[in-house]
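Each remark here refers to the structure printed beneath this line.
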Amino acid sequence: MQGNTLLINKKELQYLFSGIIFLVVANIADLIFGKPFWGITRFIHLGSDNNFSAWYSSMILAVAGLIAYECWVYAKKKEIQGSLSLLLFASLLLFMSSDEVARFHEILGKYVAQYYGISSKDFAKHASWVWIGGPFIVVVFISFLFLLKKVLALVSSSIFYLAIGLSLIILGGVILESTINFLNHEELQWVWDIEIILEESLEMIGTIVIAYGLIVWRDGVINCNNK
């Protein structure tokens with residue numbers, strides 16, 4: 001698995017990151033100019049579940065998942081201890097990719113919140129799912145950090161990037177999203193719009209950082225074995 005046989009390299013990852021910057025800038029410009037064209041807003045709006053932005057976010061997660069799978073294939077071939085954790089992490093990222101469009105977490109979390117009466121509370125009136133699914137997501141991410149710690153220790157910096165990436169996703173997708181419950185939409189709609197841009201961009205940037213950490217691990221292990 002050398003040279004052009006690798007799935008994706010750091011340079012190609014930069015192109016994906018440029019796509020995120022483009023979407024963020026486009027959303028900010030659309031917001032500043034008062035969303036003059038509905039068709040453009042509909043196509044790029046970061047808060048939508050069924051447009052280009054949602055598809056792009058899903059694609060980035062899928063790329064990160066495939067890189068994790070590539071790492072597992074290589075680790076298994078070299079009989080690296082703890083390689084199964086990479087396969088499990090790849091499965092998580094690919095599930096997150098499909099969830100980005102299908103919104104399983106919001107649908108299930110909202111249903112559970114309604115069942116237990118949480119959605120009727122003022123602190124959960126706009127994003128009730130986050131009070132159910134948020135803690136679960138945090139626990140899952142922390143569990144994977146510990147699960148991957150041993151295998152990623154072969155290239156020490158990779159666990160750092162992984163931790164940063166997962167933290168950014170939690171900051172955007174859990175912490176920031178929970179704040180929308182406390183906003184006055186009639187008077188602070190612009191704050192709501194900015195929150196959406198920050199939330200979604202942090203999630204995508206976090207995914208890119210995770211993918212970068214996996215590439216760092218993959219390339220580091222390959223270079224070590226080629227010496």
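Order determines the names: the first chain of the structure tokens is A, the second B, and so forth; residues in each chain are numbered 1 upward, and ligands are numbered 1 upward as they are shown.
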
Open item on the list: Which residues are close to A:Leu214, i.e. within 9 Å by only C-alpha atoms, leaving aside same-chain residues fewer than 4 positions away? Reply as a list in words.
Closed with: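 Using only C-alpha atoms, the neighbours found are Ala64, Ile67, Ala68, Cys71, Leu152, Ser158, Ile159, Tyr161, Leu162, Val209, Ile210, Arg218 and Asp219 of chain A.
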
Deliver the residues from the most recent selection as a file, using C-alpha atoms, as a short mmCIF file (atom, residue, chain, number, x, y, z; two decimals), in the first residue's frame.
```
data_model
loop_
_atom_site.label_atom_id
_atom_site.label_comp_id
_atom_site.auth_asym_id
_atom_site.auth_seq_id
_atom_site.Cartn_x
_atom_site.Cartn_y
_atom_site.Cartn_z
CA ALA A 64 -12.79 9.28 7.01
CA ILE A 67 -9.42 5.74 5.58
CA ALA A 68 -10.03 4.05 8.94
CA CYS A 71 -5.79 1.51 8.28
CA LEU A 152 -2.58 4.51 17.62
CA SER A 158 -2.36 10.43 15.62
CA ILE A 159 -4.27 10.06 18.91
CA TYR A 161 -5.54 14.62 16.12
CA LEU A 162 -8.25 12.07 16.80
CA VAL A 209 -8.96 16.44 11.57
CA ILE A 210 -9.92 12.82 12.34
CA ARG A 218 -1.18 5.08 8.30
CA ASP A 219 1.77 6.88 6.73
#
```

- [ ] Tell me which of A:Leu84, A:Ile21, A:Val63, A:Leu92 sits closest to A:Val151, counting only C-alpha atoms.
- [x]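 Nearest to A:Val151: A:Leu84.
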
Tell me, as a CSV table (one decimal) with C-alpha atoms, in the first residue's frame, which residues lie within 12 Å of A:Ile80, counting only C-alpha atoms; anything in the same chain fewer than 4 positions away does not count.
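This went into selection-v7.csv:
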```
chain,number,residue,atom,x,y,z
A,71,CYS,CA,-5.8,1.5,8.3
A,72,TRP,CA,-7.5,-1.7,9.6
A,73,VAL,CA,-6.6,-3.6,6.4
A,74,TYR,CA,-3.0,-2.6,6.7
A,75,ALA,CA,-2.8,-3.2,10.5
A,76,LYS,CA,-4.4,-6.7,10.0
A,84,LEU,CA,-10.0,-4.6,15.3
A,85,SER,CA,-10.6,-1.2,17.0
A,86,LEU,CA,-9.8,0.4,13.6
A,150,LYS,CA,-3.1,1.3,22.1
A,151,VAL,CA,-3.0,0.8,18.3
A,152,LEU,CA,-2.6,4.5,17.6
A,153,ALA,CA,0.3,4.7,20.1
A,154,LEU,CA,2.5,3.4,17.2
A,221,VAL,CA,3.3,2.9,10.2
A,225,ASN,CA,7.9,-0.7,8.2
```

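If you count only C-alpha atoms and ignore residues fewer than 3 places along the chain from stretch 51-56 of chain A, what sits within 8 Å of it is Leu23, Arg42, Phe43, Ile44, His45, Leu46, Ser48, Met59, Ile60, Glu100 and Val101 of chain A.
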
Open item on the list: Among stretch 10-169 of chain A, which residues does DSSP mark as helix (DSSP H, G or I) when it is run on the backbone? Keep the chain and numbering as in the structure and answer as a ChimeraX atom specification.
Closed with: /A:10-32,38-44,52-77,84-102,104-115,118-120,122-124,129-152,156-169

Hey, can you spit out that residue selection with C-alpha atoms as a compact mmCIF listing (two decimals), in the first residue's frame?
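Listed below is the output, again-v9.txt:
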```txt
# COMPACT_ATOMS: atom_id res chain seq x y z
CA LYS A 10 -2.81 14.81 2.92
CA LYS A 11 -2.84 16.99 -0.19
CA GLU A 12 -6.17 15.56 -1.33
CA LEU A 13 -7.51 16.09 2.19
CA GLN A 14 -6.67 19.78 1.78
CA TYR A 15 -9.01 19.93 -1.22
CA LEU A 16 -11.84 18.56 0.93
CA PHE A 17 -11.04 21.15 3.60
CA SER A 18 -11.19 23.87 0.92
CA GLY A 19 -14.72 22.69 0.15
CA ILE A 20 -15.70 23.28 3.78
CA ILE A 21 -14.25 26.80 3.69
CA PHE A 22 -16.19 27.50 0.49
CA LEU A 23 -19.47 26.40 2.06
CA VAL A 24 -18.84 28.43 5.23
CA VAL A 25 -17.96 31.59 3.26
CA ALA A 26 -20.95 31.07 0.94
CA ASN A 27 -23.32 30.72 3.91
CA ILE A 28 -21.89 33.81 5.62
CA ALA A 29 -22.21 35.84 2.39
CA ASP A 30 -25.77 34.58 1.89
CA LEU A 31 -26.61 35.64 5.45
CA ILE A 32 -24.99 39.10 5.10
CA TRP A 38 -34.06 31.11 -2.25
CA GLY A 39 -32.64 28.55 -4.68
CA ILE A 40 -29.05 29.31 -3.67
CA THR A 41 -29.91 29.33 0.04
CA ARG A 42 -31.73 26.03 -0.34
CA PHE A 43 -28.71 24.49 -2.09
CA ILE A 44 -25.96 25.60 0.31
CA PHE A 52 -25.42 19.85 -1.15
CA SER A 53 -24.01 20.87 2.24
CA ALA A 54 -25.54 17.83 3.95
CA TRP A 55 -24.28 15.58 1.17
CA TYR A 56 -20.78 17.08 1.42
CA SER A 57 -20.67 16.55 5.19
CA SER A 58 -21.83 12.96 4.70
CA MET A 59 -19.16 12.40 2.05
CA ILE A 60 -16.37 13.67 4.33
CA LEU A 61 -17.46 11.26 7.05
CA ALA A 62 -17.53 8.44 4.50
CA VAL A 63 -13.98 9.33 3.38
CA ALA A 64 -12.79 9.28 7.01
CA GLY A 65 -14.49 5.92 7.47
CA LEU A 66 -12.80 4.47 4.39
CA ILE A 67 -9.42 5.74 5.58
CA ALA A 68 -10.03 4.05 8.94
CA TYR A 69 -10.93 0.86 7.05
CA GLU A 70 -7.73 1.17 5.02
CA CYS A 71 -5.79 1.51 8.28
CA TRP A 72 -7.46 -1.67 9.56
CA VAL A 73 -6.59 -3.60 6.39
CA TYR A 74 -2.97 -2.56 6.70
CA ALA A 75 -2.84 -3.22 10.47
CA LYS A 76 -4.40 -6.65 10.02
CA LYS A 77 -1.93 -7.52 7.27
CA LEU A 84 -9.99 -4.61 15.31
CA SER A 85 -10.59 -1.23 16.98
CA LEU A 86 -9.83 0.45 13.64
CA LEU A 87 -12.52 -1.61 11.94
CA LEU A 88 -15.02 -0.69 14.65
CA PHE A 89 -14.09 2.97 14.29
CA ALA A 90 -14.50 2.74 10.52
CA SER A 91 -18.00 1.33 11.10
CA LEU A 92 -18.84 4.21 13.43
CA LEU A 93 -17.70 6.82 10.90
CA LEU A 94 -19.63 5.17 8.06
CA PHE A 95 -22.74 5.03 10.25
CA MET A 96 -22.28 8.73 11.05
CA SER A 97 -22.03 9.36 7.31
CA SER A 98 -25.45 7.83 6.64
CA ASP A 99 -26.86 9.45 9.78
CA GLU A 100 -25.78 12.88 8.54
CA VAL A 101 -28.47 12.65 5.86
CA ALA A 102 -30.96 10.25 7.46
CA PHE A 104 -31.34 8.79 12.93
CA HIS A 105 -29.99 10.49 16.06
CA GLU A 106 -32.48 13.36 15.87
CA ILE A 107 -35.48 11.16 15.10
CA LEU A 108 -34.75 8.59 17.80
CA GLY A 109 -33.61 11.19 20.33
CA LYS A 110 -36.70 13.32 19.75
CA TYR A 111 -38.97 10.27 20.15
CA VAL A 112 -37.33 9.26 23.44
CA ALA A 113 -37.46 12.87 24.67
CA GLN A 114 -41.16 13.03 23.91
CA TYR A 115 -41.76 9.70 25.61
CA ILE A 118 -38.33 16.16 28.14
CA SER A 119 -39.33 17.85 24.87
CA SER A 120 -42.02 19.82 26.70
CA ASP A 122 -38.21 25.07 27.98
CA PHE A 123 -34.56 23.95 27.91
CA ALA A 124 -35.38 21.36 25.22
CA TRP A 129 -32.76 15.05 21.10
CA VAL A 130 -29.49 16.57 22.35
CA TRP A 131 -30.41 15.99 26.00
CA ILE A 132 -30.89 12.27 25.26
CA GLY A 133 -28.35 11.62 22.53
CA GLY A 134 -25.69 14.14 23.54
CA PRO A 135 -24.39 12.27 26.61
CA PHE A 136 -24.51 9.01 24.65
CA ILE A 137 -22.41 10.51 21.84
CA VAL A 138 -19.84 11.83 24.33
CA VAL A 139 -19.57 8.40 26.00
CA VAL A 140 -19.16 6.65 22.64
CA PHE A 141 -16.44 9.04 21.49
CA ILE A 142 -14.50 8.80 24.76
CA SER A 143 -14.81 5.00 24.65
CA PHE A 144 -13.31 4.93 21.16
CA LEU A 145 -10.43 7.13 22.28
CA PHE A 146 -9.52 4.56 24.92
CA LEU A 147 -10.19 1.69 22.53
CA LEU A 148 -7.90 3.14 19.85
CA LYS A 149 -5.24 4.40 22.24
CA LYS A 150 -3.11 1.25 22.12
CA VAL A 151 -3.02 0.79 18.34
CA LEU A 152 -2.58 4.51 17.62
CA SER A 156 1.81 9.05 18.96
CA SER A 157 0.58 12.24 17.25
CA SER A 158 -2.36 10.43 15.62
CA ILE A 159 -4.27 10.06 18.91
CA PHE A 160 -3.89 13.83 19.46
CA TYR A 161 -5.54 14.62 16.12
CA LEU A 162 -8.25 12.07 16.80
CA ALA A 163 -9.02 13.64 20.19
CA ILE A 164 -9.15 17.14 18.68
CA GLY A 165 -11.42 15.98 15.85
CA LEU A 166 -13.88 14.21 18.14
CA SER A 167 -13.88 17.21 20.50
CA LEU A 168 -14.76 19.57 17.63
CA ILE A 169 -17.67 17.34 16.62
```
